file query33.cif (mmCIF, C-alpha atoms)
data_my_file
#
loop_
_atom_site.label_atom_id
_atom_site.label_comp_id
_atom_site.auth_asym_id
_atom_site.auth_seq_id
_atom_site.Cartn_x
_atom_site.Cartn_y
_atom_site.Cartn_z
CA MET A 1 137.22 139.07 96.69
CA CYS A 2 133.70 138.08 97.72
CA ASN A 3 132.39 138.63 94.19
CA VAL A 4 135.25 136.57 92.71
CA SER A 5 134.44 133.73 95.13
CA ILE A 6 130.75 133.84 94.18
CA ILE A 7 131.62 133.79 90.45
CA ILE A 8 133.97 130.81 90.94
CA ASN A 9 131.29 128.91 92.91
CA LEU A 10 128.71 129.61 90.22
CA LEU A 11 131.08 128.48 87.47
CA THR A 12 131.97 125.31 89.41
CA LYS A 13 128.29 124.58 89.99
CA GLY A 14 127.59 125.16 86.30
CA VAL A 15 130.34 122.76 85.25
CA LYS A 16 129.04 120.06 87.61
CA THR A 17 125.49 120.53 86.31
CA MET A 18 126.71 120.26 82.71
CA LEU A 19 128.66 117.09 83.53
CA ALA A 20 125.62 115.59 85.24
CA ILE A 21 123.42 116.37 82.22
CA LEU A 22 126.00 114.82 79.89
CA GLY A 23 126.22 111.74 82.12
CA PHE A 24 122.47 111.21 82.24
CA LEU A 25 122.12 111.77 78.50
CA MET A 26 124.97 109.36 77.77
CA ILE A 27 123.36 106.58 79.81
CA ILE A 28 119.88 107.20 78.38
CA ILE A 29 121.13 107.16 74.78
CA PHE A 30 123.27 104.09 75.47
CA MET A 31 120.26 102.20 76.89
CA ILE A 32 118.02 103.24 73.99
CA LEU A 33 120.61 102.11 71.43
CA ILE A 34 121.09 98.63 72.88
CA MET A 35 117.47 97.99 73.84
CA THR A 36 116.21 99.00 70.39
CA LYS A 37 119.06 96.99 68.81
CA ARG A 38 120.37 100.00 66.87
CA LEU A 39 123.85 99.06 68.07
CA SER A 40 125.29 95.97 69.70
CA ALA A 41 126.18 96.36 73.38
CA MET A 42 129.90 96.05 72.62
CA ILE A 43 129.93 98.81 69.98
CA ALA A 44 127.71 101.10 72.09
CA LEU A 45 129.98 100.64 75.13
CA MET A 46 132.93 101.95 73.11
CA VAL A 47 131.36 104.57 70.84
CA VAL A 48 128.81 106.34 73.07
CA PRO A 49 131.19 107.41 75.88
CA VAL A 50 133.80 108.61 73.36
CA VAL A 51 131.20 110.81 71.62
CA PHE A 52 130.03 112.32 74.91
CA ALA A 53 133.61 112.84 76.11
CA LEU A 54 134.26 114.82 72.91
CA ILE A 55 131.08 116.86 73.46
CA GLY A 56 132.24 117.58 77.02
CA GLY A 57 135.62 118.86 75.79
CA PHE A 58 137.68 115.91 77.09
CA GLY A 59 139.15 115.00 73.69
CA SER A 60 142.79 115.05 74.81
CA LYS A 61 142.04 112.91 77.89
CA ILE A 62 139.98 110.17 76.22
CA GLY A 63 142.98 107.87 75.72
CA PRO A 64 144.26 107.88 79.33
CA MET A 65 140.73 107.63 80.77
CA ALA A 66 139.78 104.71 78.50
CA LEU A 67 143.08 102.95 79.20
CA GLU A 68 142.57 103.33 82.94
CA GLY A 69 139.14 101.76 82.62
CA ILE A 70 140.52 98.89 80.53
CA LYS A 71 143.23 98.27 83.14
CA SER A 72 140.61 98.12 85.89
CA VAL A 73 138.63 95.34 84.14
CA ALA A 74 141.64 93.43 82.78
CA PRO A 75 141.85 90.94 85.70
CA THR A 76 138.11 90.24 85.38
CA GLY A 77 138.38 89.74 81.63
CA ILE A 78 141.26 87.30 81.99
CA MET A 79 139.43 85.45 84.79
CA ILE A 80 136.32 85.05 82.63
CA LEU A 81 138.42 83.82 79.70
CA PHE A 82 139.99 81.01 81.72
CA ALA A 83 136.72 80.29 83.58
CA ILE A 84 135.06 79.64 80.20
CA LEU A 85 137.93 77.35 79.19
CA PHE A 86 138.00 75.50 82.53
CA PHE A 87 134.28 74.79 82.72
CA GLY A 88 134.24 74.06 78.99
CA ILE A 89 136.75 71.25 79.60
CA MET A 90 134.63 69.97 82.51
CA ILE A 91 131.51 69.96 80.31
CA ASP A 92 133.31 68.12 77.50
CA ALA A 93 134.68 65.56 79.95
CA GLY A 94 131.12 64.81 81.17
CA VAL A 95 131.37 66.20 84.70
CA PHE A 96 127.83 67.60 84.64
CA ASP A 97 126.18 64.63 82.89
CA PRO A 98 125.22 62.82 86.15
CA ILE A 99 123.75 66.07 87.52
CA ILE A 100 121.68 66.59 84.37
CA SER A 101 120.46 62.98 84.49
CA LYS A 102 119.30 63.34 88.11
CA ILE A 103 117.59 66.65 87.40
CA LEU A 104 115.82 65.08 84.41
CA LYS A 105 114.47 62.29 86.60
CA VAL A 106 113.25 64.73 89.27
CA VAL A 107 111.65 67.34 87.02
CA LYS A 108 110.21 64.79 84.56
CA GLY A 109 110.10 67.25 81.66
CA ASP A 110 107.82 69.71 83.53
CA PRO A 111 108.86 73.34 82.75
CA VAL A 112 107.57 74.52 86.15
CA LYS A 113 109.77 72.05 88.04
CA ILE A 114 112.69 72.79 85.73
CA ALA A 115 112.41 76.55 86.32
CA ILE A 116 112.18 76.15 90.10
CA GLY A 117 115.03 73.61 90.02
CA THR A 118 117.12 76.14 88.09
CA ALA A 119 116.45 78.78 90.77
CA VAL A 120 117.37 76.42 93.62
CA LEU A 121 120.58 75.36 91.85
CA ALA A 122 121.58 78.97 91.10
CA LEU A 123 120.79 80.11 94.66
CA LEU A 124 122.91 77.32 96.13
CA ILE A 125 125.86 77.88 93.82
CA SER A 126 125.62 81.65 94.46
CA LEU A 127 126.67 80.98 98.05
CA ASP A 128 130.26 81.31 96.81
CA GLY A 129 129.50 84.96 96.03
CA ASP A 130 130.90 84.84 92.51
CA GLY A 131 128.48 85.46 89.64
CA THR A 132 130.87 84.01 87.07
CA THR A 133 131.03 80.63 88.84
CA THR A 134 127.25 80.62 89.34
CA TYR A 135 126.56 81.19 85.66
CA MET A 136 129.16 78.74 84.42
CA ILE A 137 127.86 75.86 86.54
CA THR A 138 124.13 76.65 86.32
CA ILE A 139 124.11 77.19 82.55
CA SER A 140 126.40 74.21 81.92
CA ALA A 141 124.10 71.92 83.92
CA MET A 142 120.71 73.24 82.75
CA LEU A 143 121.09 74.52 79.16
CA PRO A 144 121.09 71.03 77.57
CA LEU A 145 117.86 70.27 79.44
CA TYR A 146 116.22 73.54 78.32
CA LYS A 147 117.17 72.88 74.71
CA ARG A 148 116.02 69.27 74.93
CA ILE A 149 112.44 70.09 75.89
CA GLY A 150 112.19 73.41 74.01
CA MET A 151 112.27 75.93 76.89
CA LYS A 152 113.63 79.39 76.08
CA PRO A 153 117.31 79.80 77.08
CA LEU A 154 116.46 83.41 77.98
CA VAL A 155 114.33 82.08 80.86
CA LEU A 156 117.34 80.16 82.14
CA ALA A 157 119.53 83.28 81.95
CA GLY A 158 116.89 85.41 83.69
CA ILE A 159 116.44 82.98 86.59
CA ALA A 160 120.21 82.65 87.04
CA VAL A 161 120.82 86.42 87.09
CA SER A 162 117.86 86.99 89.43
CA ALA A 163 119.11 84.39 91.91
CA SER A 164 122.63 85.80 91.77
CA GLY A 165 121.25 89.32 92.25
CA VAL A 166 119.77 88.45 95.64
CA MET A 167 122.74 86.38 96.80
CA ASN A 168 125.05 89.22 95.75
CA LEU A 169 124.41 90.67 99.23
CA LEU A 170 126.66 88.05 100.85
CA PRO A 171 129.67 89.76 102.51
CA TRP A 172 132.18 87.94 100.33
CA GLY A 173 130.19 88.84 97.20
CA GLY A 174 131.63 92.36 97.10
CA PRO A 175 129.00 95.09 97.61
CA THR A 176 128.46 94.41 101.33
CA ALA A 177 132.21 94.39 101.96
CA ARG A 178 132.50 97.70 100.11
CA ALA A 179 129.68 99.23 102.19
CA MET A 180 131.31 98.07 105.44
CA THR A 181 134.66 99.48 104.38
CA ALA A 182 133.27 102.81 103.14
CA LEU A 183 131.31 103.44 106.35
CA HIS A 184 133.85 101.79 108.72
CA LEU A 185 131.26 99.36 110.09
CA GLU A 186 131.20 95.64 110.96
CA MET A 187 129.26 92.74 109.43
CA GLY A 188 126.86 92.76 112.39
CA ASP A 189 125.97 96.38 111.66
CA ILE A 190 125.15 95.94 107.97
CA PHE A 191 124.82 92.37 106.73
CA THR A 192 123.31 90.38 109.63
CA PRO A 193 120.19 92.60 109.98
CA VAL A 194 119.57 92.36 106.20
CA ILE A 195 119.30 88.53 106.17
CA PRO A 196 115.45 88.57 106.47
CA SER A 197 115.32 90.84 103.39
CA MET A 198 117.53 88.36 101.54
CA ILE A 199 115.12 85.57 102.47
CA GLY A 200 112.27 87.69 101.08
CA GLY A 201 114.28 88.14 97.86
CA VAL A 202 114.93 84.38 97.62
CA LEU A 203 111.20 83.62 97.98
CA PHE A 204 110.43 86.18 95.28
CA VAL A 205 112.95 84.53 92.91
CA LEU A 206 111.27 81.16 93.51
CA PHE A 207 107.85 82.76 92.86
CA MET A 208 109.19 84.35 89.66
CA SER A 209 110.57 80.98 88.54
CA TYR A 210 107.19 79.36 89.17
CA CYS A 211 105.45 82.05 87.05
CA LEU A 212 107.96 81.70 84.21
CA GLY A 213 107.72 77.91 84.39
CA ARG A 214 103.93 78.01 84.13
CA LYS A 215 104.18 80.29 81.10
CA GLU A 216 106.60 77.86 79.43
CA ARG A 217 104.42 74.87 80.36
CA LYS A 218 101.46 76.59 78.70
CA ARG A 219 103.59 77.20 75.58
CA ILE A 220 105.26 73.78 75.13
CA GLY A 221 103.48 71.43 77.56
CA VAL A 222 105.16 68.72 79.65
CA ALA A 223 107.78 66.79 77.70
CA GLU A 224 107.78 63.00 77.73
CA ILE A 225 111.34 61.76 78.27
CA ASP A 226 112.30 58.13 77.85
CA TYR A 227 114.94 57.56 80.52
CA SER A 228 115.75 54.04 79.33
CA THR A 229 117.26 55.44 76.13
CA MET A 230 119.13 58.34 77.73
CA SER A 231 122.39 56.47 78.23
CA MET A 232 122.13 54.99 74.75
CA VAL A 233 121.67 58.44 73.19
CA ALA A 234 124.59 59.80 75.20
CA ALA A 235 126.81 56.93 74.10
CA THR A 236 126.10 57.51 70.40
CA SER A 237 126.28 61.33 70.52
CA GLU A 238 128.91 63.05 68.43
CA THR A 239 130.67 64.34 71.55
CA ALA A 240 130.86 60.92 73.21
CA TYR A 241 134.56 60.59 72.31
CA LEU A 242 135.27 63.62 74.52
CA LYS A 243 133.80 62.05 77.66
CA ARG A 244 136.20 60.90 80.37
CA PRO A 245 134.12 58.61 82.66
CA LYS A 246 137.25 57.11 84.23
CA LEU A 247 138.36 60.57 85.33
CA ILE A 248 134.98 61.67 86.72
CA LEU A 249 136.11 61.55 90.38
CA VAL A 250 139.35 63.36 89.56
CA ASN A 251 137.41 66.08 87.73
CA TYR A 252 134.92 66.43 90.58
CA LEU A 253 137.78 66.76 93.05
CA LEU A 254 139.52 69.35 90.87
CA THR A 255 136.30 71.39 90.51
CA ILE A 256 135.56 71.27 94.26
CA LEU A 257 139.14 72.26 95.14
CA LEU A 258 138.93 75.19 92.73
CA LEU A 259 135.62 76.40 94.21
CA VAL A 260 136.96 76.09 97.77
CA ALA A 261 140.11 77.98 96.79
CA LEU A 262 137.96 80.71 95.19
CA ILE A 263 135.81 81.08 98.32
CA LYS A 264 138.82 81.11 100.65
CA GLU A 265 140.71 83.44 98.27
CA VAL A 266 143.83 81.27 98.41
CA LEU A 267 145.07 83.08 95.28
CA PRO A 268 143.49 85.76 93.06
CA ALA A 269 140.55 84.29 91.12
CA THR A 270 142.32 85.00 87.81
CA VAL A 271 145.35 82.93 88.81
CA LEU A 272 143.20 80.10 90.22
CA PHE A 273 141.22 79.72 86.98
CA MET A 274 144.41 79.79 84.91
CA ILE A 275 146.00 77.05 87.02
CA GLY A 276 142.73 75.08 87.12
CA PHE A 277 142.41 75.19 83.35
CA ALA A 278 146.03 74.11 82.83
CA ILE A 279 145.54 71.09 85.11
CA ALA A 280 142.11 70.19 83.67
CA ILE A 281 143.12 70.20 80.01
CA THR A 282 146.38 68.33 80.71
CA ILE A 283 144.64 65.57 82.68
CA ASN A 284 141.67 65.11 80.34
CA TYR A 285 143.26 65.80 76.95
CA PRO A 286 147.02 65.20 77.16
CA ASN A 287 147.31 65.07 73.36
CA LEU A 288 148.40 68.50 72.04
CA LYS A 289 146.12 68.25 68.99
CA GLU A 290 143.09 67.59 71.25
CA GLN A 291 144.07 70.51 73.47
CA LYS A 292 144.17 72.83 70.48
CA GLU A 293 140.76 71.58 69.30
CA ARG A 294 139.19 72.18 72.72
CA ILE A 295 140.58 75.71 72.95
CA MET A 296 139.41 76.49 69.40
CA HIS A 297 135.95 75.12 70.23
CA TYR A 298 135.46 77.72 72.99
CA ALA A 299 137.38 80.54 71.30
CA ASP A 300 134.27 82.10 69.72
CA ASN A 301 132.34 82.33 72.99
CA ALA A 302 135.39 83.44 74.97
CA LEU A 303 136.30 86.18 72.48
CA SER A 304 132.78 87.64 72.36
CA VAL A 305 132.49 87.77 76.15
CA VAL A 306 135.99 89.06 76.93
CA SER A 307 135.82 91.74 74.23
CA MET A 308 132.58 92.95 75.85
CA VAL A 309 134.34 93.20 79.22
CA PHE A 310 137.11 95.39 77.79
CA ALA A 311 134.52 97.52 75.96
CA ALA A 312 132.78 98.05 79.32
CA GLY A 313 136.16 99.17 80.66
CA ILE A 314 136.18 102.08 78.19
CA PHE A 315 132.66 103.06 79.29
CA THR A 316 133.45 103.02 83.03
CA GLY A 317 136.86 104.66 82.51
CA ILE A 318 135.38 107.66 80.68
CA LEU A 319 132.35 107.88 83.00
CA SER A 320 134.65 108.04 86.03
CA GLY A 321 137.53 109.99 84.46
CA THR A 322 135.29 112.84 83.28
CA LYS A 323 133.74 113.02 86.80
CA MET A 324 130.28 112.54 85.26
CA VAL A 325 129.58 109.88 87.91
CA ASP A 326 130.35 112.30 90.76
CA ALA A 327 128.31 115.09 89.19
CA MET A 328 125.30 112.78 88.65
CA ALA A 329 125.41 111.56 92.26
CA ASN A 330 125.71 115.08 93.68
CA THR A 331 122.84 116.32 91.51
CA VAL A 332 120.50 113.59 92.76
CA ILE A 333 121.48 114.02 96.42
CA THR A 334 121.18 117.83 96.42
CA HIS A 335 117.70 117.66 94.85
CA ILE A 336 116.21 115.57 97.67
CA PRO A 337 113.72 117.89 99.46
CA THR A 338 114.48 118.65 103.13
CA ALA A 339 110.94 117.57 104.04
CA LEU A 340 111.86 114.01 103.01
CA GLY A 341 114.98 113.96 105.21
CA SER A 342 113.44 111.67 107.80
CA HIS A 343 112.86 109.07 105.07
CA PHE A 344 116.49 109.17 103.90
CA ALA A 345 117.06 105.45 104.49
CA LEU A 346 114.10 104.56 102.26
CA ILE A 347 115.29 107.08 99.65
CA THR A 348 118.76 105.47 99.75
CA ALA A 349 117.26 102.01 99.26
CA ILE A 350 115.29 103.22 96.23
CA LEU A 351 118.24 105.14 94.77
CA SER A 352 120.60 102.17 95.20
CA ALA A 353 118.88 100.38 92.29
CA PRO A 354 119.48 103.02 89.58
CA PHE A 355 122.82 104.08 91.06
CA THR A 356 124.29 100.57 91.05
CA PHE A 357 122.78 100.02 87.60
CA PHE A 358 124.39 103.08 86.04
CA MET A 359 127.75 103.01 87.82
CA SER A 360 130.24 100.48 89.13
CA ASN A 361 129.99 99.16 92.68
CA ASP A 362 133.25 100.89 93.54
CA ALA A 363 131.93 104.24 92.35
CA PHE A 364 128.68 103.88 94.29
CA TYR A 365 129.93 102.42 97.57
CA TYR A 366 133.16 104.38 97.86
CA GLY A 367 131.98 107.59 96.21
CA VAL A 368 128.22 108.04 96.66
CA LEU A 369 127.41 106.04 99.83
CA PRO A 370 129.57 108.19 102.17
CA LEU A 371 127.80 111.29 100.76
CA LEU A 372 124.39 109.71 101.42
CA ALA A 373 125.42 108.70 104.96
CA LYS A 374 126.71 112.21 105.68
CA ALA A 375 123.50 113.80 104.38
CA ALA A 376 121.38 111.35 106.42
CA SER A 377 123.31 112.07 109.63
CA GLY A 378 121.98 115.63 109.43
CA PHE A 379 118.51 114.15 109.93
CA GLY A 380 119.64 111.92 112.83
CA ILE A 381 119.76 108.68 110.83
CA ASP A 382 122.40 106.07 111.78
CA PRO A 383 125.02 105.45 109.03
CA ALA A 384 124.48 101.68 109.56
CA ALA A 385 120.85 102.08 108.44
CA ILE A 386 122.04 103.87 105.30
CA GLY A 387 124.58 101.08 104.71
CA ARG A 388 121.85 98.44 104.97
CA ALA A 389 119.54 100.44 102.70
CA SER A 390 122.26 100.74 100.06
CA LEU A 391 122.26 96.95 99.58
CA LEU A 392 118.57 96.53 98.87
CA GLY A 393 118.65 97.62 95.21
CA LEU A 394 121.34 95.11 94.24
CA PRO A 395 119.02 92.69 92.35
CA VAL A 396 118.85 95.39 89.65
CA HIS A 397 122.64 95.82 89.58
CA LEU A 398 123.44 92.57 87.79
CA LEU A 399 121.41 93.62 84.74
CA SER A 400 123.66 96.64 84.33
CA PRO A 401 125.70 96.85 81.11
CA LEU A 402 128.72 97.51 83.36
CA VAL A 403 128.71 94.02 84.97
CA PRO A 404 131.17 91.74 83.12
CA SER A 405 129.73 88.43 84.36
CA THR A 406 126.33 89.21 82.78
CA TYR A 407 127.97 89.26 79.34
CA LEU A 408 129.32 85.80 80.11
CA LEU A 409 125.76 84.71 80.97
CA VAL A 410 124.14 85.95 77.74
CA GLY A 411 127.07 84.59 75.74
CA MET A 412 126.63 81.11 77.20
CA VAL A 413 122.90 80.93 76.42
CA GLY A 414 123.30 82.65 73.04
CA GLU A 415 120.87 85.47 73.79
CA ASP A 416 120.98 89.26 73.34
CA PHE A 417 121.86 91.50 76.30
CA GLY A 418 119.05 93.93 75.47
CA ASP A 419 116.50 91.08 75.41
CA LEU A 420 117.61 89.98 78.89
CA GLN A 421 117.17 93.53 80.20
CA ARG A 422 113.77 93.99 78.57
CA SER A 423 112.47 90.69 79.95
CA PHE A 424 113.90 90.75 83.47
CA LEU A 425 114.38 94.35 84.62
CA LYS A 426 110.79 94.35 85.89
CA TRP A 427 111.43 91.14 87.85
CA ALA A 428 114.66 92.58 89.27
CA CYS A 429 112.77 95.69 90.38
CA GLY A 430 110.13 93.43 91.94
CA SER A 431 112.81 91.58 93.88
CA ALA A 432 114.28 94.87 95.14
CA ILE A 433 110.81 96.13 96.15
CA VAL A 434 110.13 92.95 98.15
CA MET A 435 113.47 93.28 99.94
CA ILE A 436 112.79 96.94 100.74
CA LEU A 437 109.28 96.14 102.04
CA VAL A 438 110.62 93.39 104.30
CA ALA A 439 113.29 95.80 105.59
CA LEU A 440 110.64 98.43 106.36
CA ILE A 441 108.19 96.00 107.99
CA LEU A 442 110.90 94.49 110.22
CA THR A 443 112.43 97.96 110.87
CA ILE A 444 115.76 96.86 109.38
CA ILE A 445 115.78 100.36 107.95
CA PRO A 446 113.69 103.23 109.39
CA PHE A 447 110.77 104.59 107.41
#
call {"tool": "encode", "arguments": {"input": "query33.cif", "output": "structure tokens"}}
result
Amino acid sequence: MCNVSIIINLLTKGVKTMLAILGFLMIIIFMILIMTKRLSAMIALMVVPVVFALIGGFGSKIGPMALEGIKSVAPTGIMILFAILFFGIMIDAGVFDPIISKILKVVKGDPVKIAIGTAVLALLISLDGDGTTTYMITISAMLPLYKRIGMKPLVLAGIAVSASGVMNLLPWGGPTARAMTALHLEMGDIFTPVIPSMIGGVLFVLFMSYCLGRKERKRIGVAEIDYSTMSMVAATSETAYLKRPKLILVNYLLTILLLVALIKEVLPATVLFMIGFAIAITINYPNLKEQKERIMHYADNALSVVSMVFAAGIFTGILSGTKMVDAMANTVITHIPTALGSHFALITAILSAPFTFFMSNDAFYYGVLPLLAKAASGFGIDPAAIGRASLLGLPVHLLSPLVPSTYLLVGMVGEDFGDLQRSFLKWACGSAIVMILVALILTIIPF
């Protein structure tokens, strides 16, 4: 009996090791393919996991696993679809024109001021905890300005995702709530002590924006903008007939009510955006022909983004369904040397960046975090410290190919996902390092 038990344990261990190897290889090959532009992100998200599932002998289970993943992202995909349509209507109606005009007057065509202004705007909007809303408003307000003076839209996308990455720690943003739930702790145990680290991350984002702005200023100089002709140009633009100046207050009120409802979770975000869009398009464009034109105008962008979300669903469904995620997490945890046990909080903080990059937040916080906390307790480390540490790598998370809102971001600015990763992963890592250093210096987590 003893020999049989040993054989079973060895076989089980061998299977887990094989799954972990397959998981790591799948992610590495996926990243290489999209960063070298051998495949588009959407195609790679669908093809790569299917190939590795076949290699792992899961051929008969691919369908159910992929379908489960698609079901899990369906609400997000629908929400993004109607968010694009809602904010598209607001842009067409001229809701953001006054904001753009004021920003133009403040920044005076200086790329440094524009970059910092972008960061401040994104940080403020990120207070609602929803990356989709942050990107929709920030890009809608700032992209015309970037294009006008010749700044790279990729810079705009990078600043927006970096700001959102830091503010993602807010309890209503998702990850912090998951950590509290998984470890059965309160906000005062996990989030409140981490606020100084968030402040450090915010300052780093502003510093990054300054550096990027200086680089753009060196490339294109400071643009001279004639404000006296701005209204004249706007009036003669080809989209002037879409503006609804008489409805500006109504549109502002509708947008504010929607954001408040999203923050207070009056209804699911998907339902709120659907209702908001229905009201917005009916008020601003009551003519059915105009409504059809507006929907067709945003169909291209909406289709490319939403299809990416459902493709990501196949990736996450197979990664989770094959148990590759679990095997990868166990492999990493079991290979941490005992001598480093006293530094488990720091190890958790460092691991949180790649873990949340390569797997969904649900998989990490509900699956891996309890394992990390249990392992740390053996070295006398408080689970709350592990919970706090698990949040510090989140700036890297939003550049993951598994985050639906990031596809919305690159779609809005018309850039490639791989280019965004190549340009801003180093900045995201820098942000995470600053947050970890602040946490160590202020003993938010033990060294």
call {"tool": "residues_around", "arguments": {"input": "query33.cif", "residues": "Val410 of chain A", "least_positions_apart": "4", "cutoff": "12 Å", "atoms": "only C-alpha atoms", "output": "JSON, numbers by chain"}}
result
{"A": [41, 132, 135, 136, 139, 143, 153, 154, 155, 156, 157, 158, 160, 161, 301, 302, 304, 305, 308, 399, 401, 403, 404, 405, 406, 414, 415, 416, 417, 418, 419, 420, 421]}
call {"tool": "closest_residue", "arguments": {"input": "query33.cif", "among": "A:Ile91, A:Met274, A:Ile114, A:Ile62", "to": "Val47 of chain A", "atoms": "only C-alpha atoms"}}
result
A:Ile62
call {"tool": "resolve_selection", "arguments": {"input": "query33.cif", "expression": "the PyMOL selection byres ((chain A and resi 77) around 12)", "output": "ChimeraX atom specification"}}
result
/A:70-76,78-84,132,269-270,273,302-313,403-405,407-408
call {"tool": "resolve_selection", "arguments": {"input": "query33.cif", "expression": "the PyMOL selection byres ((chain A and resi 251) around 12)", "output": "JSON, numbers by chain"}}
result
{"A": [86, 87, 89, 90, 91, 92, 93, 94, 95, 96, 243, 244, 245, 246, 247, 248, 249, 250, 252, 253, 254, 255, 256, 257, 258, 276, 277, 279, 280, 281, 282, 283, 284]}
call {"tool": "axis_aligned_box", "arguments": {"input": "query33.cif", "around": "segment 391-406 of chain A", "padding_each_side": "6 Å", "output": "JSON"}}
result
{"center_x": 124.9, "center_y": 93.0, "center_z": 90.3, "size_x": 24.6, "size_y": 21.2, "size_z": 30.5}
call {"tool": "closest_residue", "arguments": {"input": "query33.cif", "among": "A:Gly393, A:Gly165, A:Gly57, A:Gly150", "to": "Gly109 of chain A", "atoms": "only C-alpha atoms"}}
result
A:Gly150
call {"tool": "closest_residue", "arguments": {"input": "query33.cif", "among": "A:Ala240, A:Val166, A:Val48, A:Met328", "to": "Ala428 of chain A", "atoms": "all atoms listed in the file"}}
result
A:Val166
call {"tool": "atom_distance", "arguments": {"input": "query33.cif", "atom1": "atom CA of Met42 of chain A", "atom2": "atom CA of Val271 of chain A"}}
result
25.9 Å
call {"tool": "closest_residue", "arguments": {"input": "query33.cif", "among": "A:Ala66, A:Ser400, A:His297, A:Val194", "to": "Ile34 of chain A", "atoms": "only C-alpha atoms"}}
result
A:Ser400
call {"tool": "residues_around", "arguments": {"input": "query33.cif", "residues": "Gly69 of chain A", "least_positions_apart": "6", "cutoff": "9 Å", "atoms": "only C-alpha atoms", "output": "compact mmCIF listing (two decimals) with C-alpha atoms, in the coordinates of the input"}}
result
# COMPACT_ATOMS: atom_id res chain seq x y z
CA PHE A 310 137.11 95.39 77.79
CA ALA A 312 132.78 98.05 79.32
CA GLY A 313 136.16 99.17 80.66
CA ILE A 314 136.18 102.08 78.19
CA PHE A 315 132.66 103.06 79.29
CA THR A 316 133.45 103.02 83.03
CA GLY A 317 136.86 104.66 82.51
CA ILE A 318 135.38 107.66 80.68
CA SER A 320 134.65 108.04 86.03
CA GLY A 321 137.53 109.99 84.46
call {"tool": "atom_distance", "arguments": {"input": "query33.cif", "atom1": "atom CA of Phe30 of chain A", "atom2": "atom CA of Leu398 of chain A"}}
result
16.9 Å
call {"tool": "atom_distance", "arguments": {"input": "query33.cif", "atom1": "atom CA of Lys215 of chain A", "atom2": "atom CA of Ile149 of chain A"}}
result
14.1 Å
call {"tool": "resolve_selection", "arguments": {"input": "query33.cif", "expression": "the PyMOL selection byres ((chain A and resi 347) around 12)", "output": "VMD selection string"}}
result
chain A and resid 332 to 333 335 to 337 340 to 346 348 to 355 372 to 373 375 to 376 385 to 386 389 to 390 392 to 393 436 440 445 to 447
call {"tool": "closest_atom_pairs", "arguments": {"input": "query33.cif", "of": "segment 124-188 of chain A", "to": "segment 204-212 of chain A", "cutoff": "8 Å", "atoms": "all atoms listed in the file", "output": "JSON lines"}}
result
{"residue": "A:Val155", "atom": "CA", "partner": "A:Leu212", "partner_atom": "CA", "distance": 7.2}
{"residue": "A:Ile159", "atom": "CA", "partner": "A:Ser209", "partner_atom": "CA", "distance": 6.5}
{"residue": "A:Ser162", "atom": "CA", "partner": "A:Val205", "partner_atom": "CA", "distance": 6.5}
{"residue": "A:Ala163", "atom": "CA", "partner": "A:Val205", "partner_atom": "CA", "distance": 6.2}
call {"tool": "closest_residue", "arguments": {"input": "query33.cif", "among": "A:Leu371, A:Met142, A:Val396, A:Ile125", "to": "Phe358 of chain A", "atoms": "only C-alpha atoms"}}
result
A:Val396
call {"tool": "closest_residue", "arguments": {"input": "query33.cif", "among": "A:Arg178, A:Phe364, A:Val260, A:Pro383", "to": "Thr133 of chain A", "atoms": "all atoms listed in the file"}}
result
A:Val260
call {"tool": "decode", "arguments": {"input": "query33.cif", "residues": "segment 202-219 of chain A", "atoms": "C-alpha atoms", "output": "CSV table (one decimal), in the first residue's frame"}}
result
chain,number,residue,atom,x,y,z
A,202,VAL,CA,1.2,58.5,-8.2
A,203,LEU,CA,4.4,60.6,-7.9
A,204,PHE,CA,6.2,58.1,-10.1
A,205,VAL,CA,3.5,58.3,-12.7
A,206,LEU,CA,3.8,62.1,-12.7
A,207,PHE,CA,7.6,61.8,-13.0
A,208,MET,CA,7.2,59.4,-15.9
A,209,SER,CA,4.8,61.8,-17.6
A,210,TYR,CA,7.3,64.6,-17.2
A,211,CYS,CA,10.1,62.5,-18.8
A,212,LEU,CA,7.8,61.4,-21.7
A,213,GLY,CA,6.7,65.0,-22.2
A,214,ARG,CA,10.3,66.3,-22.3
A,215,LYS,CA,11.1,63.6,-24.9
A,216,GLU,CA,8.1,64.7,-27.0
A,217,ARG,CA,9.0,68.4,-26.6
A,218,LYS,CA,12.5,67.6,-27.9
A,219,ARG,CA,11.0,65.8,-30.9
